[in-house]
Amino acid sequence: MLHVLDKKLLRDLLRIWAQSLAVAMVMACGVATIILAVGASRSLEETRSAFYDRYRFGSVFASVVRAPDHLESRIKAIPGVSAAELRVVEPVILDITGMAEPASGLLVSVPDNRQAEVNRLYIRTGRLPSANQGNEVAVIETFANAHGFRPGDRFNVIMNGRKRALTIVGIVLSPEFIYAIGPGDMVPDPKRFGVFYMSESVLSSVFDMENSFNDLSLSTLRGSDTRAIMESVDALLDNYGAAGAYDRPDQISNAFLDSELNQLAAMAKIIPPIFLLVSAFLVNMILSRLVALEREHVGLFKALGYSNFAIGAHYAKLVILIALVGLVIGSGAGWWLGRGLTRLYANFFSFPFLIFTKSLDLYAIAGSVAVVSSLAGAAKSIWSISNLPPAIAMRPPAPEIYRSFFGRRLRWASWVSQLTIMSLRQLIRRPVRSGLTTLGTSMSVALLVTALFSFDSIDYMIDVIFFQSDRQDASLTFASDTSSSAIFDVAALPGVIRTEPFRATQVKLRNEHREVKMSLLALSAGSQLSRILDEDLKPMEPPPNGLVISELVAAKLKLRPGDMVEIELTSKGRRIDYAPVVGIAQSYVGLTAYASLPFLNSLMRDGSKISGARIAIDQNALGDLYANVKNTPAIAGIALQDISRQKFRDTIEENIITMTTVYVSLAVIITFGVIYNSARIQLSERARELASLRVFGFTTAEVSKVLLIELSVIVLAAQPLGWLLGYLFSLSVVKGFSSDLFRIPFVINAPTFAWASLVVLSSALASALIVRRRVDRLNLIRVLKTRE
């Protein structure tokens with residue numbers, strides 16, 4: 001048998017089911033976001049960890065020009081090293097049948113008669129290439145899927161100046177290339193870039209690397225000092241053109257994964273508190289009205305012997321039941337969305353398997369937060385009704401003390417109707433509730449601004465990167481730094497209109513104890529295709545003596561123009577030089593420093609050399625240019641700017657559209673929950689007034705005006721506050737998503753605020769019209785019989 005108070009509890013829930021469901025839906029959004037973001041983050045982390053552990057992903061990496069294999073024993077003897085894999089890695093140009101533009105690839109050697117000790121491959125289909133067959137290759141899965149390749153298919157590769165037809169014998173995945181990005185690209189393009197694995201003996205023979213290696217991966221013991229290991233590796237490889245060892249956080253694929261995990265963490269910190277705050281306010285609004293209506297009931301219960309605790313527990317149960325409904329809905333939605341998001345990540349990041357963890361502690365945390373926030377919102381109402389003496393509770397509440405506010409102040413505004421004054425008077429008499437309702441509605445606007453500003457920022461970012469800074473049609477990268485006279489050979493290629501050489505090298509910049517490992521890019525004077533932009537986006541000339549560093553590098557190293565910076569040339573035996581900081585550049589991608597070609601060549605002390613060229617192309621001669629690039633041994637890669645830009649835009653917009661759809665749904669739920677509950681409470685409180693107006697002859701439209709004006713003032717007042725909160729939320733998102741890999745510019749255009757307000761206003765209008773129907777159907781006799 002149900003307790004008397006429990007029966008009443010069920011009747012109360014049935015009576016206010018619509019309002020309770022609206023609150024539960026808002027709460028469910030907060031719970032779902034927690035489970036979605038934290039659950040997906042945990043699943044992605046678990047999947048990554050399992051893949052890394054099972055297939056022995058390296059901890060320290062290094063590349064050299066050419067080093068002898070006999071160094072292997074000395075490398076393995078470094079304290080903390082558990083395994084080492086010496087490899088041959090070479091960039092190549094691909095000639096794919098049916099694909100006009102050349103694709104780029106990376107050839108990686110695999111041991112002939114044993115499994116790799118580090119960076120083992122997951123074989124999806126087929127097998128690894130044999131040392132007895134010189135044309136066998138295993139292809140990374142993303143590239144194979146993009147071209148529809150299967151074991152037995154063939155494609156052409158330019159290897160050391162010769163075109164070779166390779167036969168696919170296996171399709172694989174590697175922990176080293178979960179996020180495989182090609183040279184010059186900002187996002188993966190599996191159609192134009194792939195990773196390929198060949199027998200070590202075959203690859204060494206083709207590239208004249210017998211008994212030598214140019215790439216190194218190490219596994220380390222748990223708890224070992226990776227910094228000391230990297231210093232030992234650098235000391236061993238200094239004389240062999242080493243570019244400097246780096247550890248797992250700087251490995252490009254792992255770094256992108258870390259960035260994504262940081263974004264999920266930022267999402268979990270920003271969005272759920274919004275919904276939980278709004279739901280707490282809604283619970284407070286509903287419960288305060290409910291206890292006001294049930295004063296007499298509470299007085300009777302207390303007179304019959306029910307304790308203050310029993311009364312308080314009764315209303316607390318009501319709040320907890322609403323929170324549990326939100327928890328159930330939010331948990332189901334969060335689990336479903338989180339599983340889908342994890343699957344998307346598994347495909348986007350090329351995982352061979354998926355581990356989706358059902359963490360009970362996560363659901364417990366989400367449930368606890370939902371219940372606690374709801375009880376916090378209801379605490380004042382529960383405390384006041386629980387401690388109300390029975391004699392006072394059974395009497396009607398004392399009439400509120402009103403004072404004239406509009407009478408004298410609005411004599412000049414004779415055009416303001418009495419119905420409008422009634423609406424405005426209610427707002428002023430309950431300033432706290434009006435303010436909180438406005439704040440709740442403004443959260444919807446803020447969420448939409450936070451979602452929509454991404455379009456503005458990405459458009460701005462694309463304009464700066466592809467149309468103001470890197471304006472070339474293509475970038476050619478040579479297999480190795482070569483004589484600057486090679487620029488004339490590039491200019492002679494068919495369709496090339498303009499050429500600009502560049503040189504790039506890995507360096508470490510230091511200022512006191514601060515250090516940044518990065519790329520130093522040297523440009524020729526008067527460059528127009530690739531330009532350095534200052535912080536105001538004005539073109540800068542590469543300085544003849546000194547460096548221009550990006551604003552992020554300047555912030556990390558605490559440098560300003562005029563300061564001296566230490567330069568460690570990692571590929572030149574870690575030689576140290578010094579140079580002044582001449583200027584600060586704007587850059588949204590990576591950590592970058594700029595210099596002039598003569599200045600970098602003077603630092604390198606190896607003559608006048610270049611690493612590649614930026615080119616402008618006659619679009620009518622693309623076919624001939626592509627054919628020549630495919631047959632030029634010195635060219636190791638080509639990045640096509642139009643294709644890179646479109647791939648970047650498509651990838652980003654797909655993510656943004658998905659995110660915007662979710663945010664719009666969340667904003668509509670908040671708006672509906674706030675406006676619907678506010679309107680229902682107002683209707684409950686003012687039903688007698690509205691019914692009296694109907695008896696006096698006012699039409700339903702005029703009577704509805706009393707409610708609609710009040711709601712309109714709240715919704716309109718919420719717009720500028722929502723814009724401000726959206727601005728602040730967007731700024732926090734930009735800071736939370738910022739990393740060494742890329743930074744999103746903080747740009748919000750006026751139409752973004754307008755669209756956010758339009759969605760919220762439309763949702764608020766729909767909510768208000770639903771409640772207006774109840775005004776039209778008021779039972780005048782029953783309402784007028786109700787005691788005030």
# chains A, B, ... in the order shown; residues from 1 in each chain; ligands from 1
>>> residues_around(residues="Val195 (chain A)", least_positions_apart="5", cutoff="10 Å", atoms="only C-alpha atoms", output="mmCIF file with N, CA, C and O atoms, in the first residue's frame")
data_model
loop_
_atom_site.group_PDB
_atom_site.id
_atom_site.type_symbol
_atom_site.label_atom_id
_atom_site.label_comp_id
_atom_site.auth_asym_id
_atom_site.auth_seq_id
_atom_site.Cartn_x
_atom_site.Cartn_y
_atom_site.Cartn_z
ATOM 1 N N PRO A 91 59.718 9.380 -48.689
ATOM 2 C CA PRO A 91 58.539 9.960 -49.347
ATOM 3 C C PRO A 91 58.569 9.647 -50.839
ATOM 4 O O PRO A 91 59.644 9.621 -51.462
ATOM 5 N N VAL A 92 57.393 9.421 -51.426
ATOM 6 C CA VAL A 92 57.322 9.059 -52.845
ATOM 7 C C VAL A 92 56.128 9.749 -53.490
ATOM 8 O O VAL A 92 55.213 10.214 -52.823
ATOM 9 N N SER A 104 50.691 11.618 -52.976
ATOM 10 C CA SER A 104 51.933 11.470 -52.218
ATOM 11 C C SER A 104 51.824 10.267 -51.301
ATOM 12 O O SER A 104 50.723 9.847 -50.920
ATOM 13 N N GLY A 105 52.962 9.727 -50.965
ATOM 14 C CA GLY A 105 52.962 8.573 -50.078
ATOM 15 C C GLY A 105 54.221 8.503 -49.255
ATOM 16 O O GLY A 105 55.185 9.249 -49.483
ATOM 17 N N LEU A 106 54.211 7.605 -48.295
ATOM 18 C CA LEU A 106 55.360 7.370 -47.439
ATOM 19 C C LEU A 106 55.627 5.874 -47.433
ATOM 20 O O LEU A 106 54.760 5.084 -47.038
ATOM 21 N N LEU A 107 56.811 5.489 -47.909
ATOM 22 C CA LEU A 107 57.208 4.079 -47.891
ATOM 23 C C LEU A 107 57.959 3.792 -46.601
ATOM 24 O O LEU A 107 58.902 4.506 -46.251
ATOM 25 N N VAL A 108 57.524 2.752 -45.898
ATOM 26 C CA VAL A 108 58.119 2.392 -44.613
ATOM 27 C C VAL A 108 58.542 0.928 -44.675
ATOM 28 O O VAL A 108 57.779 0.067 -45.140
ATOM 29 N N ALA A 138 52.154 -3.540 -48.618
ATOM 30 C CA ALA A 138 50.954 -3.479 -47.779
ATOM 31 C C ALA A 138 50.525 -2.024 -47.684
ATOM 32 O O ALA A 138 51.365 -1.125 -47.531
ATOM 33 N N VAL A 139 49.223 -1.782 -47.806
ATOM 34 C CA VAL A 139 48.684 -0.425 -47.918
ATOM 35 C C VAL A 139 47.871 -0.097 -46.670
ATOM 36 O O VAL A 139 47.106 -0.941 -46.179
ATOM 37 N N ILE A 140 48.017 1.118 -46.173
ATOM 38 C CA ILE A 140 47.215 1.550 -45.035
ATOM 39 C C ILE A 140 45.738 1.607 -45.435
ATOM 40 O O ILE A 140 45.401 1.934 -46.583
ATOM 41 N N GLU A 141 44.866 1.270 -44.509
ATOM 42 C CA GLU A 141 43.460 1.026 -44.847
ATOM 43 C C GLU A 141 42.749 2.262 -45.406
ATOM 44 O O GLU A 141 41.929 2.143 -46.334
ATOM 45 N N THR A 142 43.018 3.436 -44.877
ATOM 46 C CA THR A 142 42.313 4.629 -45.350
ATOM 47 C C THR A 142 42.570 4.872 -46.834
ATOM 48 O O THR A 142 41.650 5.220 -47.581
ATOM 49 N N PHE A 143 43.801 4.704 -47.275
ATOM 50 C CA PHE A 143 44.144 4.894 -48.689
ATOM 51 C C PHE A 143 43.474 3.821 -49.550
ATOM 52 O O PHE A 143 42.937 4.116 -50.625
ATOM 53 N N ALA A 144 43.483 2.593 -49.057
ATOM 54 C CA ALA A 144 42.864 1.503 -49.807
ATOM 55 C C ALA A 144 41.365 1.737 -49.962
ATOM 56 O O ALA A 144 40.804 1.546 -51.064
ATOM 57 N N VAL A 172 46.492 -2.771 -44.030
ATOM 58 C CA VAL A 172 46.918 -2.734 -42.627
ATOM 59 C C VAL A 172 46.536 -1.407 -41.977
ATOM 60 O O VAL A 172 46.154 -0.439 -42.638
ATOM 61 N N LEU A 173 46.641 -1.393 -40.660
ATOM 62 C CA LEU A 173 46.532 -0.172 -39.861
ATOM 63 C C LEU A 173 47.727 -0.112 -38.925
ATOM 64 O O LEU A 173 48.244 -1.150 -38.512
ATOM 65 N N SER A 174 48.132 1.099 -38.585
ATOM 66 C CA SER A 174 49.309 1.275 -37.737
ATOM 67 C C SER A 174 49.011 2.264 -36.621
ATOM 68 O O SER A 174 48.356 3.293 -36.855
ATOM 69 N N PHE A 177 50.074 5.829 -37.500
ATOM 70 C CA PHE A 177 49.373 6.639 -38.495
ATOM 71 C C PHE A 177 47.858 6.520 -38.304
ATOM 72 O O PHE A 177 47.120 6.315 -39.256
ATOM 73 N N ALA A 180 46.580 10.030 -40.442
ATOM 74 C CA ALA A 180 47.592 10.116 -41.497
ATOM 75 C C ALA A 180 47.348 11.366 -42.330
ATOM 76 O O ALA A 180 46.383 11.431 -43.098
ATOM 77 N N ILE A 181 48.219 12.357 -42.182
ATOM 78 C CA ILE A 181 48.050 13.628 -42.869
ATOM 79 C C ILE A 181 49.231 13.850 -43.804
ATOM 80 O O ILE A 181 50.385 13.616 -43.442
ATOM 81 N N GLY A 182 48.936 14.272 -45.018
ATOM 82 C CA GLY A 182 49.966 14.444 -46.026
ATOM 83 C C GLY A 182 50.670 15.777 -45.935
ATOM 84 O O GLY A 182 50.220 16.689 -45.225
ATOM 85 N N PRO A 190 42.791 10.929 -47.605
ATOM 86 C CA PRO A 190 43.268 9.572 -47.908
ATOM 87 C C PRO A 190 43.322 9.269 -49.389
ATOM 88 O O PRO A 190 43.987 8.318 -49.792
#
>>> residues_around(residues="region 224-240 of chain A", least_positions_apart="2", cutoff="7 Å", atoms="only C-alpha atoms", output="VMD selection string")
chain A and resid 64 to 67 75 78 80 220 to 222 242 244 to 246 573
>>> select_by_dssp(residues="region 51-139 of chain A", states="strand (DSSP E or B)", output="MDAnalysis selection string")
chainID A and resid 60:68 81:87 89:95 103:110 122:126 136:139
>>> select_by_dssp(residues="region 422-538 of chain A", states="alpha helix (DSSP H)", output="PyMOL selection string")
chain A and resi 422-429+431-462+486-491
>>> atom_distance(atom1="CA of Val565 (chain A)", atom2="CA of Leu520 (chain A)")
13.0 Å
>>> closest_residue(among="A:Glu294, A:Glu72, A:Asp489, A:Asp463", to="Asn628 (chain A)", atoms="only C-alpha atoms")
A:Asp489
>>> residues_around(residues="Leu547 (chain A)", least_positions_apart="4", cutoff="9 Å", atoms="only C-alpha atoms", output="MDAnalysis selection string")
chainID A and resid 520 542:543 565 579:584 593:596
>>> closest_residue(among="A:Glu176, A:Ser73, A:Arg42, A:Ala116", to="Phe61 (chain A)", atoms="only C-alpha atoms")
A:Glu176
>>> closest_residue(among="A:Asn631, A:Glu710, A:Ile35, A:Leu557", to="Lys269 (chain A)", atoms="only C-alpha atoms")
A:Ile35
>>> atom_distance(atom1="CA of Phe356 (chain A)", atom2="CA of Asp650 (chain A)")
27.5 Å
>>> closest_residue(among="A:Gly223, A:Pro501, A:Pro390, A:Gly312", to="Lys609 (chain A)", atoms="only C-alpha atoms")
A:Pro501
>>> residues_around(residues="region 201-203 of chain A", least_positions_apart="6", cutoff="7 Å", atoms="only C-alpha atoms", output="ChimeraX atom specification")
/A:109,112,131,134
>>> write_last_selection(atoms="C-alpha atoms", output="PDB file, in the first residue's frame")
ATOM      1  CA  SER A 109      60.228  -0.726 -44.256  1.00  0.00           C
ATOM      2  CA  ASP A 112      62.036  -9.408 -43.341  1.00  0.00           C
ATOM      3  CA  ALA A 131      61.429 -10.200 -48.990  1.00  0.00           C
ATOM      4  CA  GLY A 134      60.409  -6.926 -54.908  1.00  0.00           C
TER       5      GLY A 134
END
>>> closest_residue(among="A:Val118, A:Val187, A:Val464, A:Cys29", to="Ser665 (chain A)", atoms="only C-alpha atoms")
A:Cys29
